[in-house]
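Take a look at the structure below.
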Amino acid sequence: MMNDLMGLLRIHIKRGVNLAVRDVNTSDPYCVVRMGKQKLKTRVIKKDVNPEWDEELTLSVQDPSVPFTLTVYDHDTFTKDDPMGDAECDIHPFIEALKMNTEGLPSGTIITRIQPGRQNCLAEESRITLVDGKIVQDIVLRLRHVECGEVELQLQWINIPGSVM
């Protein structure tokens, strides 16, 4: 049962805010998202500690208990890329919201709220909302293992015909 594909998780990586400086007075940041054996990257934004990626990465989900990890790196041409912090994101509340009956609810209905705490990397309250019949989760992740930085993203689910969800 655990090998069955539940569906696809689309992660819209919007932007970074106040990311750490790793070059002389700026950085060339990009994000790497990992879940299980999957690894996806955004493009590098040159010389910007407040980058606008506006990119969508799609992961296949088999086990809802497995979180995804987002790591920001500073791209360097001649040396190893410098880490600029990471964050872990639990998708379980999002998966639970997908199972709810949202029939008849108006667009904009907040299904659930997740508060920042020691168990998560949230920088502020995260809302799971019904938007035009789709469930989306807006998240601001505070990066760990670094002096500063946040990444704004949004989760969306893509059902696959024949999947277990």
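To be explicit about the labels: the chains of the structure tokens are called A, B, and onward in the order shown, and within each one the residues are counted from 1, while ligands get numbers from 1 in the order they are shown.
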- request: Would you please give, as number ranges by chain, all residues of region 27-75 of chain A that DSSP assigns to strand (DSSP E) based on the backbone?
  value: A: 29-35, 38-41, 52-61, 68-74
task: Find the residues near Ile11 (chain A): any atom within 7 Å, counting only C-alpha atoms, skip ones fewer than 3 places away on the same chain, and give them as number ranges by chain.
output: A: 56-58, 153-156
May I have the residues from that selection written out with all heavy atoms, as an mmCIF file, in the first residue's frame?
data_model
loop_
_atom_site.group_PDB
_atom_site.id
_atom_site.type_symbol
_atom_site.label_atom_id
_atom_site.label_comp_id
_atom_site.auth_asym_id
_atom_site.auth_seq_id
_atom_site.Cartn_x
_atom_site.Cartn_y
_atom_site.Cartn_z
ATOM 1 N N GLU A 56 7.317 26.515 -10.092
ATOM 2 C CA GLU A 56 6.563 25.384 -9.570
ATOM 3 C C GLU A 56 7.383 24.113 -9.720
ATOM 4 O O GLU A 56 7.889 23.814 -10.807
ATOM 5 C CB GLU A 56 5.227 25.248 -10.298
ATOM 6 C CG GLU A 56 4.293 26.386 -9.959
ATOM 7 C CD GLU A 56 2.903 26.225 -10.552
ATOM 8 O OE1 GLU A 56 2.717 25.367 -11.436
ATOM 9 O OE2 GLU A 56 2.013 26.974 -10.127
ATOM 10 N N LEU A 57 7.511 23.388 -8.607
ATOM 11 C CA LEU A 57 8.187 22.098 -8.590
ATOM 12 C C LEU A 57 7.142 21.063 -8.194
ATOM 13 O O LEU A 57 6.309 21.326 -7.319
ATOM 14 C CB LEU A 57 9.336 22.106 -7.579
ATOM 15 C CG LEU A 57 10.391 23.206 -7.751
ATOM 16 C CD1 LEU A 57 11.408 23.134 -6.627
ATOM 17 C CD2 LEU A 57 11.076 23.103 -9.095
ATOM 18 N N THR A 58 7.166 19.899 -8.803
ATOM 19 C CA THR A 58 6.148 18.884 -8.535
ATOM 20 C C THR A 58 6.789 17.602 -8.037
ATOM 21 O O THR A 58 7.667 17.038 -8.690
ATOM 22 C CB THR A 58 5.319 18.615 -9.806
ATOM 23 O OG1 THR A 58 4.758 19.855 -10.262
ATOM 24 C CG2 THR A 58 4.189 17.642 -9.521
ATOM 25 N N LEU A 153 5.964 30.031 -0.033
ATOM 26 C CA LEU A 153 5.544 29.051 -1.017
ATOM 27 C C LEU A 153 4.084 28.707 -0.848
ATOM 28 O O LEU A 153 3.465 29.096 0.135
ATOM 29 C CB LEU A 153 6.426 27.800 -0.955
ATOM 30 C CG LEU A 153 6.717 27.182 0.402
ATOM 31 C CD1 LEU A 153 5.837 25.970 0.604
ATOM 32 C CD2 LEU A 153 8.159 26.760 0.439
ATOM 33 N N GLN A 154 3.559 27.988 -1.829
ATOM 34 C CA GLN A 154 2.178 27.536 -1.775
ATOM 35 C C GLN A 154 2.120 26.092 -2.247
ATOM 36 O O GLN A 154 2.767 25.728 -3.232
ATOM 37 C CB GLN A 154 1.288 28.405 -2.672
ATOM 38 C CG GLN A 154 -0.185 28.056 -2.566
ATOM 39 C CD GLN A 154 -1.034 28.900 -3.499
ATOM 40 O OE1 GLN A 154 -0.963 28.753 -4.710
ATOM 41 N NE2 GLN A 154 -1.822 29.789 -2.936
ATOM 42 N N LEU A 155 1.346 25.277 -1.523
ATOM 43 C CA LEU A 155 1.156 23.878 -1.903
ATOM 44 C C LEU A 155 -0.178 23.723 -2.615
ATOM 45 O O LEU A 155 -1.163 24.352 -2.235
ATOM 46 C CB LEU A 155 1.152 22.973 -0.665
ATOM 47 C CG LEU A 155 2.355 23.035 0.264
ATOM 48 C CD1 LEU A 155 2.196 22.011 1.378
ATOM 49 C CD2 LEU A 155 3.644 22.805 -0.491
ATOM 50 N N GLN A 156 -0.183 22.863 -3.626
ATOM 51 C CA GLN A 156 -1.413 22.524 -4.321
ATOM 52 C C GLN A 156 -1.344 21.044 -4.682
ATOM 53 O O GLN A 156 -0.260 20.514 -4.909
ATOM 54 C CB GLN A 156 -1.558 23.377 -5.575
ATOM 55 C CG GLN A 156 -2.933 23.348 -6.161
ATOM 56 C CD GLN A 156 -3.085 24.343 -7.309
ATOM 57 O OE1 GLN A 156 -2.351 25.310 -7.413
ATOM 58 N NE2 GLN A 156 -4.028 24.085 -8.180
#
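Residues with any atom within 12 Å of Asn25 (chain A), counting only C-alpha atoms and excluding same-chain neighbours fewer than 5 positions away, are Leu19, Ala20, Lys47, Asp48 and Val49 of chain A.
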Written selection (N, CA, C and O atoms) as a compact mmCIF listing (two decimals), in the first residue's frame:
# COMPACT_ATOMS: atom_id res chain seq x y z
N LEU A 19 17.29 36.89 2.75
CA LEU A 19 18.18 35.73 2.80
C LEU A 19 19.58 36.17 3.23
O LEU A 19 19.95 37.33 3.11
N ALA A 20 20.34 35.22 3.70
CA ALA A 20 21.69 35.49 4.21
C ALA A 20 22.63 35.91 3.07
O ALA A 20 22.51 35.44 1.94
N LYS A 47 22.71 37.79 -7.59
CA LYS A 47 22.88 39.00 -6.77
C LYS A 47 21.57 39.53 -6.17
O LYS A 47 21.19 40.67 -6.39
N ASP A 48 20.88 38.67 -5.38
CA ASP A 48 19.61 39.09 -4.81
C ASP A 48 19.33 38.33 -3.51
O ASP A 48 19.25 37.10 -3.54
N VAL A 49 19.21 39.04 -2.39
CA VAL A 49 18.87 38.37 -1.12
C VAL A 49 17.35 38.38 -0.89
O VAL A 49 16.87 37.87 0.11
Interatomic distance (Å, one decimal) between CA of Phe94 (chain A) and CA of Thr42 (chain A): 22.6 Å
- request: For each of A:Val140, A:Asn50, A:Phe68, A:Ser163, take the minimum atom-to-atom distance to Gly7 (chain A), counting only C-alpha atoms, then give the residue where this is smallest.
  value: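 Using only C-alpha atoms, the shortest distance to Gly7 (chain A) belongs to A:Ser163.
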task: Please identify all polymer residues within 9 Å of Lys41 (chain A), counting only C-alpha atoms, omitting same-chain residues fewer than 5 positions from it, and present them as a count of residues only.
output: 6
query: Which residue, A:Met35, A:Ile13, A:Ala97, A:Val136, has the smallest gap to Glu55 (chain A) when you use only C-alpha atoms?
result: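 Of A:Met35, A:Ile13, A:Ala97, A:Val136, the one nearest Glu55 (chain A), counting only C-alpha atoms, is A:Ile13.
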Length of the CA of Glu150 (chain A) to CA of Pro116 (chain A) vector [Å]: 13.2 Å
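Comparing the minimum interatomic distances between Leu9 (chain A) and each of A:Gly36, A:Pro83, A:Val151, A:Ile158, counting only C-alpha atoms, we find that A:Ile158 sits nearest.
Ranking A:Leu98, A:Leu40, A:Ile114, A:Ile91 by their shortest atom-to-atom distance to Pro64 (chain A), with only C-alpha atoms included, puts A:Ile91 first.
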task: Run DSSP on the backbone of this structure and report the residues of chain A it assigns to alpha helix (DSSP H), as a ChimeraX atom specification.
output: /A:92-98
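Distances here use only C-alpha atoms; by that measure, the residue among A:Arg144, A:Arg43, A:Trp53, A:Thr112 closest to His75 (chain A) is A:Arg43.
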message: Can you tell me which residues surround Met6 (chain A) at a distance of at most 10 Å, considering only C-alpha atoms, apart from same-chain residues fewer than 6 positions away, and format the answer as a list in words?
response: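 Using only C-alpha atoms, the neighbours found are Ser60, Val61, Gln62, Asp63, Pro64, Ile95, Trp157, Ile158, Asn159, Ile160, Pro161, Gly162, Ser163, Val164 and Met165 of chain A.
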Those same residues, written as a PDB file, in the first residue's frame with N, CA and C atoms?
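Resulting contents of selection.pdb:
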ATOM      1  N   SER A  60       6.067  13.608  -6.440  1.00  0.00           N
ATOM      2  CA  SER A  60       5.079  12.549  -6.297  1.00  0.00           C
ATOM      3  C   SER A  60       5.050  12.116  -4.833  1.00  0.00           C
ATOM      4  N   VAL A  61       3.844  11.983  -4.299  1.00  0.00           N
ATOM      5  CA  VAL A  61       3.668  11.651  -2.885  1.00  0.00           C
ATOM      6  C   VAL A  61       3.198  10.208  -2.762  1.00  0.00           C
ATOM      7  N   GLN A  62       3.954   9.422  -1.996  1.00  0.00           N
ATOM      8  CA  GLN A  62       3.563   8.049  -1.718  1.00  0.00           C
ATOM      9  C   GLN A  62       3.207   7.879  -0.251  1.00  0.00           C
ATOM     10  N   ASP A  63       3.893   8.592   0.628  1.00  0.00           N
ATOM     11  CA  ASP A  63       3.686   8.472   2.063  1.00  0.00           C
ATOM     12  C   ASP A  63       3.482   9.874   2.652  1.00  0.00           C
ATOM     13  N   PRO A  64       2.254  10.184   3.131  1.00  0.00           N
ATOM     14  CA  PRO A  64       1.975  11.524   3.638  1.00  0.00           C
ATOM     15  C   PRO A  64       2.719  11.874   4.922  1.00  0.00           C
ATOM     16  N   ILE A  95      -2.634  17.044   3.593  1.00  0.00           N
ATOM     17  CA  ILE A  95      -3.242  15.788   3.118  1.00  0.00           C
ATOM     18  C   ILE A  95      -4.575  15.554   3.832  1.00  0.00           C
ATOM     19  N   TRP A 157      -2.479  20.377  -4.716  1.00  0.00           N
ATOM     20  CA  TRP A 157      -2.537  18.948  -4.973  1.00  0.00           C
ATOM     21  C   TRP A 157      -2.997  18.681  -6.395  1.00  0.00           C
ATOM     22  N   ILE A 158      -2.392  17.680  -7.024  1.00  0.00           N
ATOM     23  CA  ILE A 158      -2.824  17.240  -8.344  1.00  0.00           C
ATOM     24  C   ILE A 158      -3.211  15.772  -8.220  1.00  0.00           C
ATOM     25  N   ASN A 159      -4.489  15.485  -8.427  1.00  0.00           N
ATOM     26  CA  ASN A 159      -4.953  14.098  -8.401  1.00  0.00           C
ATOM     27  C   ASN A 159      -4.533  13.380  -9.663  1.00  0.00           C
ATOM     28  N   ILE A 160      -4.219  12.118  -9.499  1.00  0.00           N
ATOM     29  CA  ILE A 160      -3.850  11.284 -10.646  1.00  0.00           C
ATOM     30  C   ILE A 160      -4.939  10.229 -10.770  1.00  0.00           C
ATOM     31  N   PRO A 161      -5.516  10.035 -11.948  1.00  0.00           N
ATOM     32  CA  PRO A 161      -6.517   8.973 -12.110  1.00  0.00           C
ATOM     33  C   PRO A 161      -5.941   7.629 -11.659  1.00  0.00           C
ATOM     34  N   GLY A 162      -6.692   6.933 -10.828  1.00  0.00           N
ATOM     35  CA  GLY A 162      -6.245   5.637 -10.332  1.00  0.00           C
ATOM     36  C   GLY A 162      -5.376   5.701  -9.097  1.00  0.00           C
ATOM     37  N   SER A 163      -5.107   6.910  -8.576  1.00  0.00           N
ATOM     38  CA  SER A 163      -4.280   7.017  -7.353  1.00  0.00           C
ATOM     39  C   SER A 163      -5.121   6.678  -6.128  1.00  0.00           C
ATOM     40  N   VAL A 164      -4.471   6.482  -4.993  1.00  0.00           N
ATOM     41  CA  VAL A 164      -5.158   6.041  -3.783  1.00  0.00           C
ATOM     42  C   VAL A 164      -5.920   7.146  -3.049  1.00  0.00           C
ATOM     43  N   MET A 165      -5.748   8.401  -3.423  1.00  0.00           N
ATOM     44  CA  MET A 165      -6.474   9.498  -2.755  1.00  0.00           C
ATOM     45  C   MET A 165      -7.821   9.710  -3.389  1.00  0.00           C
TER      46      MET A 165
END
query: When you draw a straight line from CA of Arg15 (chain A) to CA of Met84 (chain A), how long is it in Å?
result: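 So the answer is 14.2 Å.
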query: For Tyr73 (chain A), which residue among A:Ser27, A:Gln38, A:Thr109, A:Gln115 is the nearest when counting only C-alpha atoms?
result: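 Smallest distance to Tyr73 (chain A) is found for A:Ser27.
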task: List the neighbours of Gly149 (chain A) out to 8 Å using only C-alpha atoms; skip same-chain residues closer than 3 positions along the sequence, and give me the result as a ChimeraX atom specification.
output: /A:16-20,85,142-143,146
